[in-house]
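Peer 1: Got a file for you: query16.tsv, TSV, N, CA and C atoms.
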chain	number	residue	atom	x	y	z
A	75	MET	N	87.81	30.21	-154.31
A	75	MET	CA	86.74	31.18	-154.39
A	75	MET	C	85.42	30.42	-154.22
A	76	ASN	N	84.50	31.02	-153.58
A	76	ASN	CA	83.20	30.43	-153.34
A	76	ASN	C	82.51	30.12	-154.67
A	77	MET	N	81.94	28.93	-154.79
A	77	MET	CA	81.32	28.50	-156.04
A	77	MET	C	80.11	29.37	-156.41
A	78	LYS	N	79.37	29.85	-155.42
A	78	LYS	CA	78.23	30.71	-155.70
A	78	LYS	C	78.69	32.01	-156.35
A	79	ARG	N	79.77	32.56	-155.84
A	79	ARG	CA	80.30	33.81	-156.38
A	79	ARG	C	80.80	33.62	-157.81
A	80	VAL	N	81.48	32.51	-158.06
A	80	VAL	CA	81.96	32.22	-159.40
A	80	VAL	C	80.78	32.08	-160.35
A	81	PHE	N	79.77	31.34	-159.93
A	81	PHE	CA	78.58	31.15	-160.76
A	81	PHE	C	77.90	32.49	-161.04
A	82	LEU	N	77.73	33.32	-160.02
A	82	LEU	CA	77.10	34.63	-160.20
A	82	LEU	C	77.89	35.50	-161.18
A	83	CYS	N	79.20	35.49	-161.05
A	83	CYS	CA	80.04	36.28	-161.97
A	83	CYS	C	79.90	35.80	-163.41
A	84	ILE	N	79.85	34.50	-163.59
A	84	ILE	CA	79.70	33.94	-164.94
A	84	ILE	C	78.34	34.33	-165.52
A	85	VAL	N	77.30	34.23	-164.72
A	85	VAL	CA	75.96	34.59	-165.19
A	85	VAL	C	75.89	36.07	-165.55
A	86	MET	N	76.41	36.93	-164.68
A	86	MET	CA	76.37	38.37	-164.94
A	86	MET	C	77.17	38.71	-166.20
A	87	ALA	N	78.34	38.13	-166.35
A	87	ALA	CA	79.16	38.40	-167.53
A	87	ALA	C	78.45	37.92	-168.80
A	88	SER	N	77.79	36.78	-168.73
A	88	SER	CA	77.06	36.25	-169.89
A	88	SER	C	75.92	37.17	-170.29
A	89	VAL	N	75.18	37.66	-169.31
A	89	VAL	CA	74.06	38.55	-169.60
A	89	VAL	C	74.56	39.85	-170.22
A	90	ILE	N	75.61	40.40	-169.67
A	90	ILE	CA	76.17	41.66	-170.20
A	90	ILE	C	76.68	41.46	-171.62
A	91	LEU	N	77.41	40.39	-171.84
A	91	LEU	CA	77.94	40.14	-173.18
A	91	LEU	C	76.82	39.88	-174.19
A	92	ALA	N	75.82	39.11	-173.80
A	92	ALA	CA	74.71	38.83	-174.70
A	92	ALA	C	73.95	40.10	-175.04
A	93	THR	N	73.71	40.93	-174.06
A	93	THR	CA	72.99	42.18	-174.29
A	93	THR	C	73.81	43.12	-175.17
A	94	ALA	N	75.09	43.23	-174.90
A	94	ALA	CA	75.94	44.11	-175.69
A	94	ALA	C	76.06	43.62	-177.13
A	95	ALA	N	76.10	42.32	-177.32
A	95	ALA	CA	76.24	41.77	-178.67
A	95	ALA	C	74.98	41.96	-179.51
A	96	CYS	N	73.83	42.04	-178.86
A	96	CYS	CA	72.56	42.16	-179.58
A	96	CYS	C	72.27	43.60	-180.01
A	97	GLY	N	72.85	44.56	-179.35
A	97	GLY	CA	72.55	45.96	-179.65
A	97	GLY	C	73.51	46.56	-180.65
A	98	SER	N	73.04	47.58	-181.36
A	98	SER	CA	73.91	48.26	-182.31
A	98	SER	C	74.48	49.54	-181.71
A	99	THR	N	73.95	49.95	-180.56
A	99	THR	CA	74.43	51.15	-179.89
A	99	THR	C	75.55	50.76	-178.92
A	100	PRO	N	76.67	51.47	-178.95
A	100	PRO	CA	77.75	51.12	-178.03
A	100	PRO	C	77.32	51.28	-176.58
A	101	VAL	N	77.80	50.37	-175.76
A	101	VAL	CA	77.49	50.40	-174.33
A	101	VAL	C	78.54	51.25	-173.63
A	102	ALA	N	78.09	52.13	-172.73
A	102	ALA	CA	79.02	52.97	-171.99
A	102	ALA	C	79.91	52.11	-171.12
A	103	ASP	N	81.15	52.51	-170.96
A	103	ASP	CA	82.03	51.75	-170.10
A	103	ASP	C	81.59	51.91	-168.64
A	104	THR	N	82.03	51.02	-167.80
A	104	THR	CA	81.57	50.98	-166.41
A	104	THR	C	81.87	52.27	-165.68
A	105	GLU	N	83.03	52.87	-165.90
A	105	GLU	CA	83.36	54.11	-165.20
A	105	GLU	C	82.40	55.22	-165.60
A	106	THR	N	82.08	55.32	-166.88
A	106	THR	CA	81.14	56.34	-167.33
A	106	THR	C	79.76	56.07	-166.74
A	107	ALA	N	79.36	54.81	-166.76
A	107	ALA	CA	78.05	54.45	-166.21
A	107	ALA	C	78.00	54.77	-164.73
A	108	ALA	N	79.08	54.48	-164.00
A	108	ALA	CA	79.09	54.76	-162.57
A	108	ALA	C	79.04	56.25	-162.32
A	109	ALA	N	79.67	57.03	-163.18
A	109	ALA	CA	79.70	58.48	-162.97
A	109	ALA	C	78.36	59.12	-163.28
A	110	THR	N	77.72	58.69	-164.36
A	110	THR	CA	76.47	59.32	-164.77
A	110	THR	C	75.24	58.62	-164.22
A	111	GLU	N	75.34	57.32	-164.00
A	111	GLU	CA	74.26	56.46	-163.53
A	111	GLU	C	73.00	56.61	-164.38
A	112	PHE	N	73.16	57.04	-165.63
A	112	PHE	CA	72.05	57.14	-166.56
A	112	PHE	C	70.76	57.59	-165.87
A	113	ILE	N	70.58	58.87	-165.78
A	113	ILE	CA	69.42	59.42	-165.08
A	113	ILE	C	68.13	58.84	-165.64
A	114	ASN	N	68.01	58.74	-166.94
A	114	ASN	CA	66.82	58.15	-167.57
A	114	ASN	C	67.26	57.08	-168.56
A	115	PRO	N	67.61	55.88	-168.07
A	115	PRO	CA	68.06	54.84	-168.99
A	115	PRO	C	66.92	54.42	-169.91
A	116	VAL	N	67.22	54.33	-171.21
A	116	VAL	CA	66.20	53.95	-172.17
A	116	VAL	C	66.58	52.69	-172.94
A	117	LEU	N	67.82	52.60	-173.29
A	117	LEU	CA	68.27	51.43	-174.03
A	117	LEU	C	68.42	50.24	-173.08
A	118	PRO	N	68.14	49.05	-173.57
A	118	PRO	CA	68.27	47.87	-172.71
A	118	PRO	C	69.66	47.76	-172.09
A	119	GLU	N	70.69	48.14	-172.85
A	119	GLU	CA	72.05	48.07	-172.33
A	119	GLU	C	72.23	49.01	-171.14
A	120	GLN	N	71.64	50.19	-171.24
A	120	GLN	CA	71.75	51.16	-170.15
A	120	GLN	C	70.99	50.68	-168.91
A	121	ILE	N	69.81	50.14	-169.13
A	121	ILE	CA	69.02	49.64	-168.01
A	121	ILE	C	69.78	48.52	-167.30
A	122	LEU	N	70.36	47.61	-168.08
A	122	LEU	CA	71.13	46.51	-167.49
A	122	LEU	C	72.32	47.05	-166.71
A	123	GLU	N	73.03	48.02	-167.27
A	123	GLU	CA	74.19	48.58	-166.57
A	123	GLU	C	73.79	49.24	-165.25
A	124	VAL	N	72.71	49.99	-165.26
A	124	VAL	CA	72.25	50.64	-164.04
A	124	VAL	C	71.85	49.59	-163.01
A	125	TYR	N	71.16	48.55	-163.45
A	125	TYR	CA	70.73	47.49	-162.54
A	125	TYR	C	71.96	46.77	-161.97
A	126	MET	N	72.94	46.49	-162.81
A	126	MET	CA	74.16	45.81	-162.34
A	126	MET	C	74.93	46.69	-161.36
A	127	LEU	N	74.96	48.00	-161.61
A	127	LEU	CA	75.60	48.92	-160.68
A	127	LEU	C	74.85	48.95	-159.35
A	128	ALA	N	73.53	48.86	-159.40
A	128	ALA	CA	72.74	48.82	-158.17
A	128	ALA	C	73.07	47.56	-157.37
A	129	ILE	N	73.27	46.44	-158.06
A	129	ILE	CA	73.67	45.21	-157.37
A	129	ILE	C	75.02	45.41	-156.70
A	130	THR	N	75.97	45.94	-157.45
A	130	THR	CA	77.32	46.18	-156.92
A	130	THR	C	77.28	47.11	-155.72
A	131	ASP	N	76.45	48.15	-155.80
A	131	ASP	CA	76.35	49.13	-154.71
A	131	ASP	C	75.41	48.69	-153.60
A	132	LYS	N	74.80	47.51	-153.76
A	132	LYS	CA	73.82	47.00	-152.80
A	132	LYS	C	72.68	48.00	-152.59
A	133	ASP	N	72.27	48.61	-153.70
A	133	ASP	CA	71.18	49.59	-153.69
A	133	ASP	C	69.89	48.87	-154.11
A	134	TYR	N	69.30	48.17	-153.15
A	134	TYR	CA	68.14	47.35	-153.44
A	134	TYR	C	66.90	48.19	-153.75
A	135	GLU	N	66.85	49.40	-153.24
A	135	GLU	CA	65.75	50.31	-153.57
A	135	GLU	C	65.76	50.62	-155.07
A	136	LYS	N	66.95	50.90	-155.60
A	136	LYS	CA	67.06	51.19	-157.04
A	136	LYS	C	66.70	49.95	-157.85
A	137	MET	N	67.14	48.78	-157.38
A	137	MET	CA	66.80	47.54	-158.07
A	137	MET	C	65.28	47.37	-158.12
A	138	PHE	N	64.63	47.67	-157.01
A	138	PHE	CA	63.17	47.53	-156.95
A	138	PHE	C	62.49	48.49	-157.92
A	139	SER	N	63.09	49.65	-158.14
A	139	SER	CA	62.48	50.63	-159.04
A	139	SER	C	62.37	50.11	-160.47
A	140	PHE	N	63.11	49.05	-160.81
A	140	PHE	CA	63.06	48.47	-162.15
A	140	PHE	C	62.00	47.37	-162.26
A	141	THR	N	61.34	47.03	-161.17
A	141	THR	CA	60.32	45.99	-161.25
A	141	THR	C	59.05	46.55	-161.89
A	142	SER	N	58.25	45.66	-162.40
A	142	SER	CA	57.00	46.03	-163.05
A	142	SER	C	55.99	46.56	-162.02
A	143	GLU	N	55.14	47.46	-162.47
A	143	GLU	CA	54.08	47.95	-161.60
A	143	GLU	C	53.11	46.82	-161.26
A	144	ASN	N	53.11	45.78	-162.06
A	144	ASN	CA	52.22	44.64	-161.85
A	144	ASN	C	52.86	43.56	-160.99
A	145	SER	N	54.03	43.83	-160.45
A	145	SER	CA	54.73	42.84	-159.63
A	145	SER	C	53.89	42.47	-158.41
A	146	THR	N	53.86	41.19	-158.11
A	146	THR	CA	53.09	40.73	-156.96
A	146	THR	C	53.93	40.66	-155.69
A	147	MET	N	55.23	40.83	-155.82
A	147	MET	CA	56.11	40.78	-154.65
A	147	MET	C	56.13	42.13	-153.95
A	148	PRO	N	55.78	42.17	-152.68
A	148	PRO	CA	55.84	43.44	-151.94
A	148	PRO	C	57.28	43.96	-151.87
A	149	LYS	N	57.40	45.26	-151.80
A	149	LYS	CA	58.71	45.90	-151.78
A	149	LYS	C	59.59	45.37	-150.65
A	150	GLU	N	59.03	45.22	-149.47
A	150	GLU	CA	59.80	44.74	-148.31
A	150	GLU	C	60.36	43.34	-148.57
A	151	ASP	N	59.56	42.48	-149.19
A	151	ASP	CA	60.01	41.13	-149.52
A	151	ASP	C	61.12	41.16	-150.56
A	152	PHE	N	60.97	42.03	-151.57
A	152	PHE	CA	61.99	42.17	-152.61
A	152	PHE	C	63.31	42.61	-151.99
A	153	LEU	N	63.25	43.63	-151.14
A	153	LEU	CA	64.47	44.15	-150.52
A	153	LEU	C	65.13	43.09	-149.65
A	154	ALA	N	64.36	42.40	-148.84
A	154	ALA	CA	64.92	41.37	-147.96
A	154	ALA	C	65.50	40.21	-148.77
A	155	ARG	N	64.79	39.79	-149.79
A	155	ARG	CA	65.25	38.66	-150.61
A	155	ARG	C	66.57	38.98	-151.30
A	156	ASN	N	66.64	40.15	-151.94
A	156	ASN	CA	67.86	40.50	-152.66
A	156	ASN	C	69.02	40.75	-151.71
A	157	LYS	N	68.74	41.30	-150.54
A	157	LYS	CA	69.81	41.49	-149.56
A	157	LYS	C	70.37	40.13	-149.15
A	158	ASN	N	69.50	39.16	-148.91
A	158	ASN	CA	69.96	37.81	-148.55
A	158	ASN	C	70.74	37.18	-149.67
A	159	ILE	N	70.30	37.38	-150.90
A	159	ILE	CA	70.99	36.78	-152.05
A	159	ILE	C	72.38	37.38	-152.23
A	160	TYR	N	72.45	38.71	-152.33
A	160	TYR	CA	73.72	39.35	-152.70
A	160	TYR	C	74.68	39.55	-151.54
A	161	GLU	N	74.19	39.58	-150.33
A	161	GLU	CA	75.09	39.71	-149.19
A	161	GLU	C	75.43	38.35	-148.60
A	162	GLY	N	74.69	37.33	-149.02
A	162	GLY	CA	74.95	35.98	-148.54
A	162	GLY	C	75.97	35.23	-149.38
A	163	ILE	N	76.34	35.84	-150.50
A	163	ILE	CA	77.30	35.19	-151.42
A	163	ILE	C	78.71	35.42	-150.92
Starting from the file, lay out its structure as structure tokens.

Peer 2:
Amino acid sequence: MNMKRVFLCIVMASVILATAACGSTPVADTETAAATEFINPVLPEQILEVYMLAITDKDYEKMFSFTSENSTMPKEDFLARNKNIYEGI
């Protein structure tokens, strides 16, 4: 298996586990999250799940919607960069 993919999987799993361990609210399972896509995610766990689903679905527009209004990276650059990162793995 490609080392970049293994590394990315380990990082994503670590972030999910760390976030889930810190919260007292149960995290929705992936199937539920995929079905509902949390229309208005409020809890950090929900936001992370939606963002991770956007990565899986290669929905870079949705990923960009989570950036700060103060972000200095133009939308086009964000979309191109993330496409190169996640489709290049």

Peer 1: Please indicate the distance in Å from CA of Asn158 in chain A to CA of Leu117 in chain A, rounded to one decimal place.

Peer 2: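 So the answer is 28.9 Å.
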
Peer 1: In the coordinate frame of the file, compute which residues have an atom within 8 Å of (70.3, 45.8, -147.9) when using only N, CA and C atoms, and state them as JSON, numbers by chain.

Peer 2: {"A": [132, 133, 134, 135, 153, 154, 156, 157, 158, 161]}

Peer 1: Between atom N of Val116 in chain A and CA of Thr146 in chain A, what distance in Å does the model show, to one decimal?

Peer 2: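 Taking atom N of Val116 in chain A as the start and CA of Thr146 in chain A as the end point, the length is 24.2 Å.
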